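S.K.: Can you read through this structure? Questions will come right after.
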Amino acid sequence: MQMSPPNDPVPLIADKALWMRRRAFQMVYAAQLGHPGGDFSAIDVLATLYFGVLRYDPARPDWADRDRFVMSKGHATGALYTALCAAGYFPEDWLKTYMQPRSMLNGHPDRNYLPGVETNTGPLGHGFPVAVGIAIAATLSGSDHRTFVLTGDGEQQEGSNWEAAMVAGHRRLNRLTLIIDRNRLQQGAGTEETSGLDPLDQKYAAFGWEVAFIDGHDHAALHRALSAPPGDKPRCLIANTVKGKGVSFMENQASWHHGVPNADQFAQAMKELV
């Protein structure tokens with residue numbers, strides 16, 4: 001049972017992040033389906049949350065006082081499922097069923113089947129508004145739990161996110177933290193080629209958010225930022241990341257948004273992920 005993070009979690013976070021990368025790539029290889037590039041850009045954020053920041057109890061997934069995490073970029077299930085497994089929500093054997101027919105670990109997370117999933121995500125732009133609703137509910141009920149939500153940067157092109165940002169800023173939801181996985185690549189092209197996002201920081205600041213840039217692969221920096229006490233505004237962390245981080249032939253390649261490895265690529269990746 002885990003209700004609070006350890007005092008010095010950074011070594012544990014690093015170990016878990018490496019395990020998550022290896023296990024997620026094994027899942028994608030076995031299934032020949034998945035989104036490994038986005039999994040690998042997000043894994044360090046998830047490892048930091050689950051092993052250094054979040055208050056939760058996997059034996060009681062509906063524990064009222066838990067912190068909430070919403071994976072708005074719901075296609076990155078390799079990252080989410082390995083995090084939930086490592087956190088103790090379900091046994092490792094379940095990972096072998098990834099993407100199989102009738103598996104609880106399908107292409108997008110479903111809270112009706114899998115413990116630890118706060119809300120179903122997949123259609124981009126939905127998870128962030130739900131997280132804002134969760135944060136509003138916490139203020140109305142007087143709960144002290146925090147709400148964290150991770151979006152992709154391409155996902156920021158969805159208009160529903162900006163409605164959510166406006167509401168959160170107006171209501172000063174200071175126990176809400178948005179993390180943007182800023183790998184600058186989306187399906188098929190760069191974000192700035194598709195529909196430019198910059199300057200993201202100024203846009204969120206204009207909506208009444210506290211904004212900071214962070215290295216999305218620096219576990220110590222992530223831990224400091226994500227575990228910092230709430231201020232008086234919602235917080236937006238723009239995490240500069242590398243799509244496919246950790247595997248040389250995947251890094252910064254848009255083709256690995258939903259690419260799957262062949263046998264040689266899988267073997268090479270396993271050699272590099274040590």
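Convention: chains lettered A, B, ... in structure tokens order; per-chain residue numbering from 1; ligands numbered from 1 as shown.
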Any chance you could list, as a PyMOL selection string, the residues in stretch 14-239 of chain A that come up helix (DSSP H, G or I) when DSSP is run on the backbone?
M.R.: chain A and resi 14-31+36-53+77-86+92-97+127-141+154-157+159-171+191-194+200-206+219-227
S.K.: Within 12 Å of A:Ala221, counting only C-alpha atoms, which residues qualify if same-chain residues fewer than 2 places away don't, as a count of residues only?
M.R.: 24
S.K.: Check the smallest atom-to-atom distance from each of A:Thr139, A:Asn262, A:Asn120, A:Ser41 to A:Asp181 using only C-alpha atoms, then report the winner.
M.R.: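 Going through A:Thr139, A:Asn262, A:Asn120, A:Ser41 one by one, the smallest distance to A:Asp181 is for A:Ser41.
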S.K.: Counting only C-alpha atoms, figure out which residue out of A:Ala267, A:Ala31, A:Ile180, A:Leu140 gets nearest to A:Pro101.
M.R.: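 The closest residue to A:Pro101 is A:Ala31.
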S.K.: Show which residues sit within 8 Å of stretch 70-79 of chain A, as an mmCIF file with C-alpha atoms, in the first residue's frame. Count only C-alpha atoms, and ignore same-chain residues fewer than 3 positions away.
M.R.:
data_model
loop_
_atom_site.group_PDB
_atom_site.id
_atom_site.type_symbol
_atom_site.label_atom_id
_atom_site.label_comp_id
_atom_site.auth_asym_id
_atom_site.auth_seq_id
_atom_site.Cartn_x
_atom_site.Cartn_y
_atom_site.Cartn_z
ATOM 1 C CA MET A 20 8.539 0.762 -17.924
ATOM 2 C CA ARG A 21 10.380 1.515 -21.182
ATOM 3 C CA ALA A 24 6.206 -1.169 -22.836
ATOM 4 C CA PHE A 25 8.380 -1.928 -25.863
ATOM 5 C CA MET A 27 4.217 -5.157 -25.213
ATOM 6 C CA VAL A 28 4.210 -3.195 -28.470
ATOM 7 C CA GLY A 34 0.851 0.713 -30.072
ATOM 8 C CA HIS A 35 2.333 4.200 -29.845
ATOM 9 C CA PRO A 36 5.871 3.697 -28.518
ATOM 10 C CA GLY A 38 4.719 8.923 -27.275
ATOM 11 C CA ASP A 39 5.012 6.280 -24.563
ATOM 12 C CA PHE A 40 8.738 6.965 -24.281
ATOM 13 C CA ALA A 42 5.870 10.463 -21.336
ATOM 14 C CA ILE A 43 7.288 7.629 -19.226
ATOM 15 C CA LEU A 46 4.505 9.007 -15.172
ATOM 16 C CA THR A 82 3.252 -0.158 -17.133
ATOM 17 C CA ALA A 83 2.972 2.626 -14.544
ATOM 18 C CA GLY A 107 -5.758 0.512 -27.151
ATOM 19 C CA HIS A 108 -7.226 3.211 -24.931
ATOM 20 C CA PRO A 109 -7.741 3.096 -21.152
ATOM 21 C CA VAL A 117 -7.901 4.568 -14.556
ATOM 22 C CA GLU A 118 -9.797 7.719 -13.543
ATOM 23 C CA THR A 119 -11.608 8.310 -16.825
ATOM 24 C CA ASN A 120 -11.755 6.859 -20.321
ATOM 25 C CA THR A 121 -9.531 8.740 -22.747
ATOM 26 C CA GLY A 122 -8.582 8.381 -26.373
ATOM 27 C CA PRO A 123 -10.371 11.088 -28.347
ATOM 28 C CA LEU A 124 -7.871 13.874 -27.803
ATOM 29 C CA GLY A 125 -8.936 16.972 -25.921
ATOM 30 C CA HIS A 126 -11.285 15.145 -23.544
ATOM 31 C CA GLY A 127 -9.081 14.250 -20.591
ATOM 32 C CA PHE A 128 -8.052 17.790 -19.686
ATOM 33 C CA ALA A 131 -9.549 16.800 -15.003
ATOM 34 C CA THR A 147 -5.391 16.527 -9.735
ATOM 35 C CA PHE A 148 -2.720 15.965 -12.380
ATOM 36 C CA VAL A 149 -3.334 15.630 -16.105
ATOM 37 C CA LEU A 150 -0.919 14.851 -18.942
ATOM 38 C CA THR A 151 -1.688 15.973 -22.483
ATOM 39 C CA GLY A 152 0.258 15.619 -25.683
ATOM 40 C CA GLU A 155 -3.479 17.496 -28.424
#
S.K.: Within 12 Å of A:Pro229, counting only C-alpha atoms, which residues qualify if same-chain residues fewer than 2 places away don't, as a list of chain:residue names?
M.R.: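 These residues fall inside the cut-off: A:Val53, A:Asp144, A:His145, A:Arg146, A:Asn174, A:Arg175, A:Leu176, A:Thr177, A:His223, A:Arg224, A:Ala225, A:Leu226, A:Ser227, A:Gly231, A:Asp232, A:Lys233, A:Pro234, A:Arg235.
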S.K.: Just want the 10 Å neighbourhood of A:Pro11, counted on only C-alpha atoms, with same-chain residues fewer than 4 positions away dropped. Output as a list in words.
M.R.: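 So the residues in contact are Asp15, Lys16, Ala17, Phe51, His219 and Ala220 of chain A.
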S.K.: How would the residues just chosen look if you wrote them out with N, CA, C and O atoms as a compact mmCIF listing (two decimals), in the first residue's frame?
M.R.:
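Contents of the output file again-v4.txt:
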# COMPACT_ATOMS: atom_id res chain seq x y z
N ASP A 15 14.78 3.75 -11.78
CA ASP A 15 14.65 2.30 -11.98
C ASP A 15 13.30 1.94 -12.59
O ASP A 15 13.21 1.11 -13.51
N LYS A 16 12.26 2.54 -12.10
CA LYS A 16 10.92 2.25 -12.61
C LYS A 16 10.76 2.73 -14.05
O LYS A 16 10.13 2.05 -14.88
N ALA A 17 11.32 3.88 -14.38
CA ALA A 17 11.22 4.41 -15.75
C ALA A 17 11.90 3.48 -16.74
O ALA A 17 11.38 3.24 -17.85
N PHE A 51 5.81 7.25 -8.46
CA PHE A 51 6.80 6.78 -7.48
C PHE A 51 7.47 7.92 -6.73
O PHE A 51 8.44 7.68 -6.01
N HIS A 219 14.52 13.41 -13.80
CA HIS A 219 13.68 12.93 -12.70
C HIS A 219 13.72 13.84 -11.49
O HIS A 219 12.69 14.08 -10.85
N ALA A 220 14.89 14.36 -11.16
CA ALA A 220 14.99 15.23 -9.99
C ALA A 220 14.23 16.52 -10.22
O ALA A 220 13.51 17.00 -9.32
S.K.: A:Tyr98, A:Trp63, A:Val132, A:Val242: which is nearest A:Ala165, counting only C-alpha atoms?
M.R.: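 Nearest candidate to A:Ala165 out of A:Tyr98, A:Trp63, A:Val132, A:Val242: A:Val132.
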S.K.: Write down as a ChimeraX atom specification the residues of stretch 53-241 of chain A whose backbone DSSP state falls under strand (DSSP E or B).
M.R.: /A:68-71,147-152,176-182,185-186,189-190,210-215,235-240
S.K.: At a cut-off of 10 Å, using only C-alpha atoms, what residues contact A:Phe90? Leave out same-chain residues fewer than 2 positions from it and give the result as a list of chain:residue names.
M.R.: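 So the residues in contact are A:Pro58, A:Ala59, A:Tyr81, A:Thr82, A:Leu84, A:Cys85, A:Ala86, A:Ala87, A:Gly88, A:Glu92, A:Asp93, A:Trp94, A:Leu95, A:Leu114, A:Pro115, A:Gly116.
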S.K.: Find the residues around A:Leu200 up to 9 Å (only C-alpha atoms counted), leave out those fewer than 4 positions away in its own chain, and share them as a list of chain:residue names.
M.R.: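 That gives A:Tyr204, A:Ala205, A:Ile238.
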S.K.: For A:Leu33, which residue among A:Leu18, A:Met99, A:Ala189, A:Met104 is the nearest when counting only C-alpha atoms?
M.R.: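 Of A:Leu18, A:Met99, A:Ala189, A:Met104, the one nearest A:Leu33 is A:Met99, counting only C-alpha atoms.
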